[in-house]
Amino acid sequence: MIQLHNVFLAYQKDATALNGINLRIEKGEFVFLTGPSGAGKTTLLRLLYGALTPTRGQVLIDGQNVSRMTPSQIPFLRRSVGVVFQDFKLLPNRTVFENVSITLEVLGWGRADIGKKVMHVLKQMGMESKIAMTPQRLSGGEQQRVALARALVNDPKILVADEPTGNLDDANKNQILNIFKEANVRGTTVVVATHDRRLIDNCHKRLVTLSKGEIVEQVEKESTPGESA
Ligand SMILES: Nc1ncnc2c1ncn2[C@@H]1O[C@H](COP(=O)(O)OP(=O)(O)OP(=O)(O)O)[C@@H](O)[C@H]1O
């Protein structure tokens, strides 16, 4: 579970990016964060994977206060949170396989287990025929699927995505969205920051709107016929 209690974040004095955020995201939820440019979406996401600590207030991940984590505890947090960015952040000189396997190498997995797990996840993403390619030979949608494979390969408890469909066409957007939904059905808590109204409207998930560092609106998940999660 993710809890933010009265969280303030100032990058500089007199430049407050988050202004008293209270938010609770249950285990297994799927939440969209939206709001105008500069509203604080990226800042809020960065708090969830320990890239920032709040200036004031508390961020708790499974009851653990992120601000009180020692430097040696932060890697444990990062293990349980997979992160996806709009610009993919893939390693340009590594193959698709290597870009994904790196997550498990860092965690100390053995070679055989890495091979099996990476292939399994790349197959799920429909990328098994491209394992030996480097990212520049892939389309934007394919690069994003590799970035998602990298984020999901160790079955993180939480998946955080910042404008993950920003540069993609509709077909690729749907593919990425389905991968999020499948991860969510498998139990991963998903938090996606996006401006993409179509993505939000097609999904019927909980929607949190930020403006000027504050939560200004929350719409609970709508249930749709035939949808179980
Ligand atoms: N590294 C930084 N140093 C100083 N100010 C920053 C920094 N990063 C963000 N800000 C400021 O914090 C505020 C919130 O930025 P943030 O990137 O979280 O917004 P956002 O909602 O993600 O915007 P966008 O939709 O454009 O990505 C903005 O006013 C921004 O200028």
# chains A, B, ... in the order shown; residues from 1 in each chain; ligands from 1
$ residues_near_ligand --ligand "ligand 1" --cutoff "9 Å" --atoms "only C-alpha atoms and all ligand atoms" --output "PyMOL selection string"
chain A and resi 9-12+15-18+33-46+162-163+193-195+210-213
$ select_by_dssp --residues "region 82-200 of chain A" --states "alpha helix (DSSP H)" --output "PDB file with N, CA and C atoms, in the first residue's frame"
ATOM      1  N   VAL A  96      18.245  -5.899 -26.719  1.00  0.00           N
ATOM      2  CA  VAL A  96      16.964  -5.988 -26.007  1.00  0.00           C
ATOM      3  C   VAL A  96      17.105  -6.925 -24.810  1.00  0.00           C
ATOM      4  N   PHE A  97      17.699  -8.100 -25.053  1.00  0.00           N
ATOM      5  CA  PHE A  97      17.865  -9.076 -23.970  1.00  0.00           C
ATOM      6  C   PHE A  97      18.664  -8.456 -22.812  1.00  0.00           C
ATOM      7  N   GLU A  98      19.756  -7.785 -23.148  1.00  0.00           N
ATOM      8  CA  GLU A  98      20.617  -7.220 -22.093  1.00  0.00           C
ATOM      9  C   GLU A  98      19.923  -6.088 -21.344  1.00  0.00           C
ATOM     10  N   ASN A  99      19.127  -5.299 -22.062  1.00  0.00           N
ATOM     11  CA  ASN A  99      18.404  -4.211 -21.408  1.00  0.00           C
ATOM     12  C   ASN A  99      17.439  -4.729 -20.345  1.00  0.00           C
ATOM     13  N   VAL A 100      16.914  -5.919 -20.580  1.00  0.00           N
ATOM     14  CA  VAL A 100      15.967  -6.489 -19.615  1.00  0.00           C
ATOM     15  C   VAL A 100      16.699  -7.297 -18.541  1.00  0.00           C
ATOM     16  N   SER A 101      17.734  -8.032 -18.965  1.00  0.00           N
ATOM     17  CA  SER A 101      18.410  -8.921 -18.006  1.00  0.00           C
ATOM     18  C   SER A 101      19.133  -8.135 -16.915  1.00  0.00           C
ATOM     19  N   ILE A 102      19.456  -6.878 -17.221  1.00  0.00           N
ATOM     20  CA  ILE A 102      20.225  -6.067 -16.274  1.00  0.00           C
ATOM     21  C   ILE A 102      19.498  -5.947 -14.922  1.00  0.00           C
ATOM     22  N   THR A 103      18.167  -5.878 -14.971  1.00  0.00           N
ATOM     23  CA  THR A 103      17.397  -5.780 -13.720  1.00  0.00           C
ATOM     24  C   THR A 103      17.698  -6.977 -12.819  1.00  0.00           C
ATOM     25  N   LEU A 104      17.757  -8.164 -13.424  1.00  0.00           N
ATOM     26  CA  LEU A 104      17.941  -9.383 -12.628  1.00  0.00           C
ATOM     27  C   LEU A 104      19.410  -9.586 -12.252  1.00  0.00           C
ATOM     28  N   GLU A 105      20.324  -9.128 -13.129  1.00  0.00           N
ATOM     29  CA  GLU A 105      21.758  -9.222 -12.799  1.00  0.00           C
ATOM     30  C   GLU A 105      22.052  -8.418 -11.539  1.00  0.00           C
ATOM     31  N   VAL A 106      21.475  -7.208 -11.495  1.00  0.00           N
ATOM     32  CA  VAL A 106      21.690  -6.332 -10.336  1.00  0.00           C
ATOM     33  C   VAL A 106      21.172  -7.011  -9.063  1.00  0.00           C
ATOM     34  N   ARG A 111      22.598 -17.083 -14.041  1.00  0.00           N
ATOM     35  CA  ARG A 111      22.465 -16.925 -15.504  1.00  0.00           C
ATOM     36  C   ARG A 111      21.296 -17.705 -16.100  1.00  0.00           C
ATOM     37  N   ALA A 112      21.141 -18.949 -15.660  1.00  0.00           N
ATOM     38  CA  ALA A 112      20.097 -19.790 -16.263  1.00  0.00           C
ATOM     39  C   ALA A 112      18.715 -19.226 -15.939  1.00  0.00           C
ATOM     40  N   ASP A 113      18.549 -18.821 -14.687  1.00  0.00           N
ATOM     41  CA  ASP A 113      17.249 -18.255 -14.274  1.00  0.00           C
ATOM     42  C   ASP A 113      16.978 -16.947 -15.006  1.00  0.00           C
ATOM     43  N   ILE A 114      18.035 -16.146 -15.179  1.00  0.00           N
ATOM     44  CA  ILE A 114      17.878 -14.876 -15.909  1.00  0.00           C
ATOM     45  C   ILE A 114      17.397 -15.167 -17.326  1.00  0.00           C
ATOM     46  N   GLY A 115      18.067 -16.107 -17.994  1.00  0.00           N
ATOM     47  CA  GLY A 115      17.708 -16.442 -19.377  1.00  0.00           C
ATOM     48  C   GLY A 115      16.253 -16.841 -19.489  1.00  0.00           C
ATOM     49  N   LYS A 116      15.810 -17.692 -18.587  1.00  0.00           N
ATOM     50  CA  LYS A 116      14.424 -18.195 -18.642  1.00  0.00           C
ATOM     51  C   LYS A 116      13.425 -17.061 -18.413  1.00  0.00           C
ATOM     52  N   LYS A 117      13.704 -16.274 -17.358  1.00  0.00           N
ATOM     53  CA  LYS A 117      12.732 -15.242 -16.989  1.00  0.00           C
ATOM     54  C   LYS A 117      12.670 -14.128 -18.041  1.00  0.00           C
ATOM     55  N   VAL A 118      13.826 -13.724 -18.542  1.00  0.00           N
ATOM     56  CA  VAL A 118      13.849 -12.637 -19.529  1.00  0.00           C
ATOM     57  C   VAL A 118      13.112 -13.076 -20.795  1.00  0.00           C
ATOM     58  N   MET A 119      13.357 -14.303 -21.231  1.00  0.00           N
ATOM     59  CA  MET A 119      12.677 -14.784 -22.444  1.00  0.00           C
ATOM     60  C   MET A 119      11.177 -14.869 -22.224  1.00  0.00           C
ATOM     61  N   HIS A 120      10.780 -15.304 -21.033  1.00  0.00           N
ATOM     62  CA  HIS A 120       9.354 -15.413 -20.719  1.00  0.00           C
ATOM     63  C   HIS A 120       8.680 -14.032 -20.835  1.00  0.00           C
ATOM     64  N   VAL A 121       9.315 -13.036 -20.228  1.00  0.00           N
ATOM     65  CA  VAL A 121       8.702 -11.698 -20.226  1.00  0.00           C
ATOM     66  C   VAL A 121       8.729 -11.083 -21.624  1.00  0.00           C
ATOM     67  N   LEU A 122       9.833 -11.274 -22.352  1.00  0.00           N
ATOM     68  CA  LEU A 122       9.892 -10.704 -23.708  1.00  0.00           C
ATOM     69  C   LEU A 122       8.869 -11.376 -24.626  1.00  0.00           C
ATOM     70  N   LYS A 123       8.594 -12.642 -24.388  1.00  0.00           N
ATOM     71  CA  LYS A 123       7.557 -13.343 -25.152  1.00  0.00           C
ATOM     72  C   LYS A 123       6.192 -12.725 -24.854  1.00  0.00           C
ATOM     73  N   GLN A 124       5.935 -12.485 -23.571  1.00  0.00           N
ATOM     74  CA  GLN A 124       4.668 -11.839 -23.179  1.00  0.00           C
ATOM     75  C   GLN A 124       4.479 -10.509 -23.902  1.00  0.00           C
ATOM     76  N   GLY A 140       9.149   3.035 -31.675  1.00  0.00           N
ATOM     77  CA  GLY A 140       8.866   3.606 -30.353  1.00  0.00           C
ATOM     78  C   GLY A 140       8.046   2.655 -29.498  1.00  0.00           C
ATOM     79  N   GLY A 141       7.037   2.037 -30.093  1.00  0.00           N
ATOM     80  CA  GLY A 141       6.191   1.105 -29.348  1.00  0.00           C
ATOM     81  C   GLY A 141       6.984  -0.099 -28.860  1.00  0.00           C
ATOM     82  N   GLU A 142       7.900  -0.581 -29.726  1.00  0.00           N
ATOM     83  CA  GLU A 142       8.732  -1.731 -29.327  1.00  0.00           C
ATOM     84  C   GLU A 142       9.683  -1.332 -28.208  1.00  0.00           C
ATOM     85  N   GLN A 143      10.250  -0.139 -28.323  1.00  0.00           N
ATOM     86  CA  GLN A 143      11.164   0.313 -27.258  1.00  0.00           C
ATOM     87  C   GLN A 143      10.417   0.410 -25.921  1.00  0.00           C
ATOM     88  N   GLN A 144       9.176   0.896 -25.992  1.00  0.00           N
ATOM     89  CA  GLN A 144       8.426   1.022 -24.746  1.00  0.00           C
ATOM     90  C   GLN A 144       8.108  -0.363 -24.172  1.00  0.00           C
ATOM     91  N   ARG A 145       7.869  -1.349 -25.062  1.00  0.00           N
ATOM     92  CA  ARG A 145       7.602  -2.700 -24.550  1.00  0.00           C
ATOM     93  C   ARG A 145       8.849  -3.303 -23.889  1.00  0.00           C
ATOM     94  N   VAL A 146      10.024  -2.963 -24.427  1.00  0.00           N
ATOM     95  CA  VAL A 146      11.265  -3.439 -23.787  1.00  0.00           C
ATOM     96  C   VAL A 146      11.428  -2.757 -22.417  1.00  0.00           C
ATOM     97  N   ALA A 147      11.119  -1.457 -22.377  1.00  0.00           N
ATOM     98  CA  ALA A 147      11.218  -0.730 -21.103  1.00  0.00           C
ATOM     99  C   ALA A 147      10.246  -1.326 -20.075  1.00  0.00           C
ATOM    100  N   LEU A 148       9.073  -1.728 -20.562  1.00  0.00           N
ATOM    101  CA  LEU A 148       8.104  -2.357 -19.661  1.00  0.00           C
ATOM    102  C   LEU A 148       8.590  -3.731 -19.207  1.00  0.00           C
ATOM    103  N   ALA A 149       9.198  -4.469 -20.132  1.00  0.00           N
ATOM    104  CA  ALA A 149       9.747  -5.786 -19.766  1.00  0.00           C
ATOM    105  C   ALA A 149      10.807  -5.605 -18.680  1.00  0.00           C
ATOM    106  N   ARG A 150      11.662  -4.597 -18.857  1.00  0.00           N
ATOM    107  CA  ARG A 150      12.707  -4.327 -17.863  1.00  0.00           C
ATOM    108  C   ARG A 150      12.094  -3.983 -16.508  1.00  0.00           C
ATOM    109  N   ALA A 151      11.014  -3.200 -16.525  1.00  0.00           N
ATOM    110  CA  ALA A 151      10.387  -2.781 -15.265  1.00  0.00           C
ATOM    111  C   ALA A 151       9.637  -3.925 -14.588  1.00  0.00           C
ATOM    112  N   LEU A 152       9.138  -4.884 -15.392  1.00  0.00           N
ATOM    113  CA  LEU A 152       8.260  -5.922 -14.827  1.00  0.00           C
ATOM    114  C   LEU A 152       8.952  -7.263 -14.612  1.00  0.00           C
ATOM    115  N   ASP A 170      -2.029   5.019 -31.714  1.00  0.00           N
ATOM    116  CA  ASP A 170      -3.117   4.390 -30.972  1.00  0.00           C
ATOM    117  C   ASP A 170      -2.924   2.881 -30.781  1.00  0.00           C
ATOM    118  N   ALA A 171      -2.446   2.207 -31.835  1.00  0.00           N
ATOM    119  CA  ALA A 171      -2.276   0.745 -31.732  1.00  0.00           C
ATOM    120  C   ALA A 171      -1.253   0.426 -30.649  1.00  0.00           C
ATOM    121  N   ASN A 172      -0.148   1.169 -30.650  1.00  0.00           N
ATOM    122  CA  ASN A 172       0.886   0.934 -29.642  1.00  0.00           C
ATOM    123  C   ASN A 172       0.413   1.321 -28.242  1.00  0.00           C
ATOM    124  N   LYS A 173      -0.373   2.399 -28.169  1.00  0.00           N
ATOM    125  CA  LYS A 173      -0.919   2.809 -26.868  1.00  0.00           C
ATOM    126  C   LYS A 173      -1.753   1.680 -26.275  1.00  0.00           C
ATOM    127  N   ASN A 174      -2.601   1.079 -27.112  1.00  0.00           N
ATOM    128  CA  ASN A 174      -3.472   0.011 -26.619  1.00  0.00           C
ATOM    129  C   ASN A 174      -2.658  -1.179 -26.137  1.00  0.00           C
ATOM    130  N   GLN A 175      -1.593  -1.482 -26.893  1.00  0.00           N
ATOM    131  CA  GLN A 175      -0.745  -2.609 -26.506  1.00  0.00           C
ATOM    132  C   GLN A 175      -0.118  -2.367 -25.128  1.00  0.00           C
ATOM    133  N   ILE A 176       0.399  -1.137 -24.953  1.00  0.00           N
ATOM    134  CA  ILE A 176       1.050  -0.793 -23.683  1.00  0.00           C
ATOM    135  C   ILE A 176       0.018  -0.839 -22.549  1.00  0.00           C
ATOM    136  N   LEU A 177      -1.153  -0.298 -22.830  1.00  0.00           N
ATOM    137  CA  LEU A 177      -2.213  -0.280 -21.824  1.00  0.00           C
ATOM    138  C   LEU A 177      -2.596  -1.710 -21.410  1.00  0.00           C
ATOM    139  N   ASN A 178      -2.658  -2.609 -22.390  1.00  0.00           N
ATOM    140  CA  ASN A 178      -2.997  -3.999 -22.063  1.00  0.00           C
ATOM    141  C   ASN A 178      -1.926  -4.631 -21.182  1.00  0.00           C
ATOM    142  N   ILE A 179      -0.672  -4.264 -21.412  1.00  0.00           N
ATOM    143  CA  ILE A 179       0.401  -4.814 -20.570  1.00  0.00           C
ATOM    144  C   ILE A 179       0.238  -4.310 -19.128  1.00  0.00           C
ATOM    145  N   PHE A 180      -0.106  -3.033 -18.984  1.00  0.00           N
ATOM    146  CA  PHE A 180      -0.372  -2.496 -17.631  1.00  0.00           C
ATOM    147  C   PHE A 180      -1.517  -3.264 -16.974  1.00  0.00           C
ATOM    148  N   LYS A 181      -2.580  -3.473 -17.752  1.00  0.00           N
ATOM    149  CA  LYS A 181      -3.752  -4.135 -17.174  1.00  0.00           C
ATOM    150  C   LYS A 181      -3.417  -5.567 -16.755  1.00  0.00           C
ATOM    151  N   GLU A 182      -2.622  -6.257 -17.602  1.00  0.00           N
ATOM    152  CA  GLU A 182      -2.262  -7.643 -17.265  1.00  0.00           C
ATOM    153  C   GLU A 182      -1.401  -7.681 -15.998  1.00  0.00           C
ATOM    154  N   ALA A 183      -0.452  -6.747 -15.899  1.00  0.00           N
ATOM    155  CA  ALA A 183       0.386  -6.701 -14.689  1.00  0.00           C
ATOM    156  C   ALA A 183      -0.495  -6.447 -13.471  1.00  0.00           C
ATOM    157  N   ASN A 184      -1.481  -5.569 -13.638  1.00  0.00           N
ATOM    158  CA  ASN A 184      -2.393  -5.234 -12.546  1.00  0.00           C
ATOM    159  C   ASN A 184      -3.228  -6.451 -12.142  1.00  0.00           C
ATOM    160  N   VAL A 185      -3.692  -7.213 -13.125  1.00  0.00           N
ATOM    161  CA  VAL A 185      -4.475  -8.422 -12.831  1.00  0.00           C
ATOM    162  C   VAL A 185      -3.600  -9.428 -12.065  1.00  0.00           C
ATOM    163  N   ARG A 197      -6.085  11.897 -22.462  1.00  0.00           N
ATOM    164  CA  ARG A 197      -7.495  11.777 -22.054  1.00  0.00           C
ATOM    165  C   ARG A 197      -8.115  10.475 -22.580  1.00  0.00           C
ATOM    166  N   ARG A 198      -7.686  10.077 -23.787  1.00  0.00           N
ATOM    167  CA  ARG A 198      -8.266   8.867 -24.385  1.00  0.00           C
ATOM    168  C   ARG A 198      -7.915   7.632 -23.559  1.00  0.00           C
ATOM    169  N   LEU A 199      -6.667   7.612 -23.131  1.00  0.00           N
ATOM    170  CA  LEU A 199      -6.191   6.500 -22.304  1.00  0.00           C
ATOM    171  C   LEU A 199      -7.030   6.424 -21.023  1.00  0.00           C
ATOM    172  N   ILE A 200      -7.230   7.574 -20.404  1.00  0.00           N
ATOM    173  CA  ILE A 200      -7.976   7.639 -19.149  1.00  0.00           C
ATOM    174  C   ILE A 200      -9.431   7.233 -19.380  1.00  0.00           C
TER     175      ILE A 200
END
$ atom_distance --atom1 "CA of Thr188 (chain A)" --atom2 "CA of Val31 (chain A)"
11.5 Å
$ residues_around --residues "Gln136 (chain A)" --least-positions-apart "5" --cutoff "10 Å" --atoms "only C-alpha atoms" --output "count of residues only"
6
$ residues_around --residues "Leu207 (chain A)" --least-positions-apart "3" --cutoff "6 Å" --atoms "only C-alpha atoms" --output "ChimeraX atom specification"
/A:31-32,218-219
$ write_last_selection --atoms "N, CA and C atoms" --output "PDB file, in the first residue's frame"
ATOM      1  N   VAL A  31      -4.192   3.328 -10.745  1.00  0.00           N
ATOM      2  CA  VAL A  31      -4.536   4.752 -10.579  1.00  0.00           C
ATOM      3  C   VAL A  31      -3.878   5.585 -11.679  1.00  0.00           C
ATOM      4  N   PHE A  32      -4.653   6.456 -12.290  1.00  0.00           N
ATOM      5  CA  PHE A  32      -4.093   7.453 -13.199  1.00  0.00           C
ATOM      6  C   PHE A  32      -3.916   8.760 -12.441  1.00  0.00           C
ATOM      7  N   GLN A 218     -10.768  13.823  -7.415  1.00  0.00           N
ATOM      8  CA  GLN A 218     -10.539  12.373  -7.440  1.00  0.00           C
ATOM      9  C   GLN A 218     -11.807  11.710  -7.935  1.00  0.00           C
ATOM     10  N   VAL A 219     -11.676  10.854  -8.923  1.00  0.00           N
ATOM     11  CA  VAL A 219     -12.821  10.106  -9.429  1.00  0.00           C
ATOM     12  C   VAL A 219     -12.518   8.636  -9.208  1.00  0.00           C
TER      13      VAL A 219
END
$ closest_residue --among "A:Leu23, A:Val83, A:Leu168, A:Met125" --to "Ser139 (chain A)" --atoms "only C-alpha atoms"
A:Leu168
$ select_by_dssp --residues "region 5-229 of chain A" --states "strand (DSSP E or B)" --output "ChimeraX atom specification"
/A:5-12,15-25,30-34,56-61,64-65,81-85,158-162,189-193,206-211,214-219
$ residues_around --residues "Pro164 (chain A)" --least-positions-apart "3" --cutoff "6 Å" --atoms "only C-alpha atoms" --output "PyMOL selection string"
chain A and resi 85-86+161
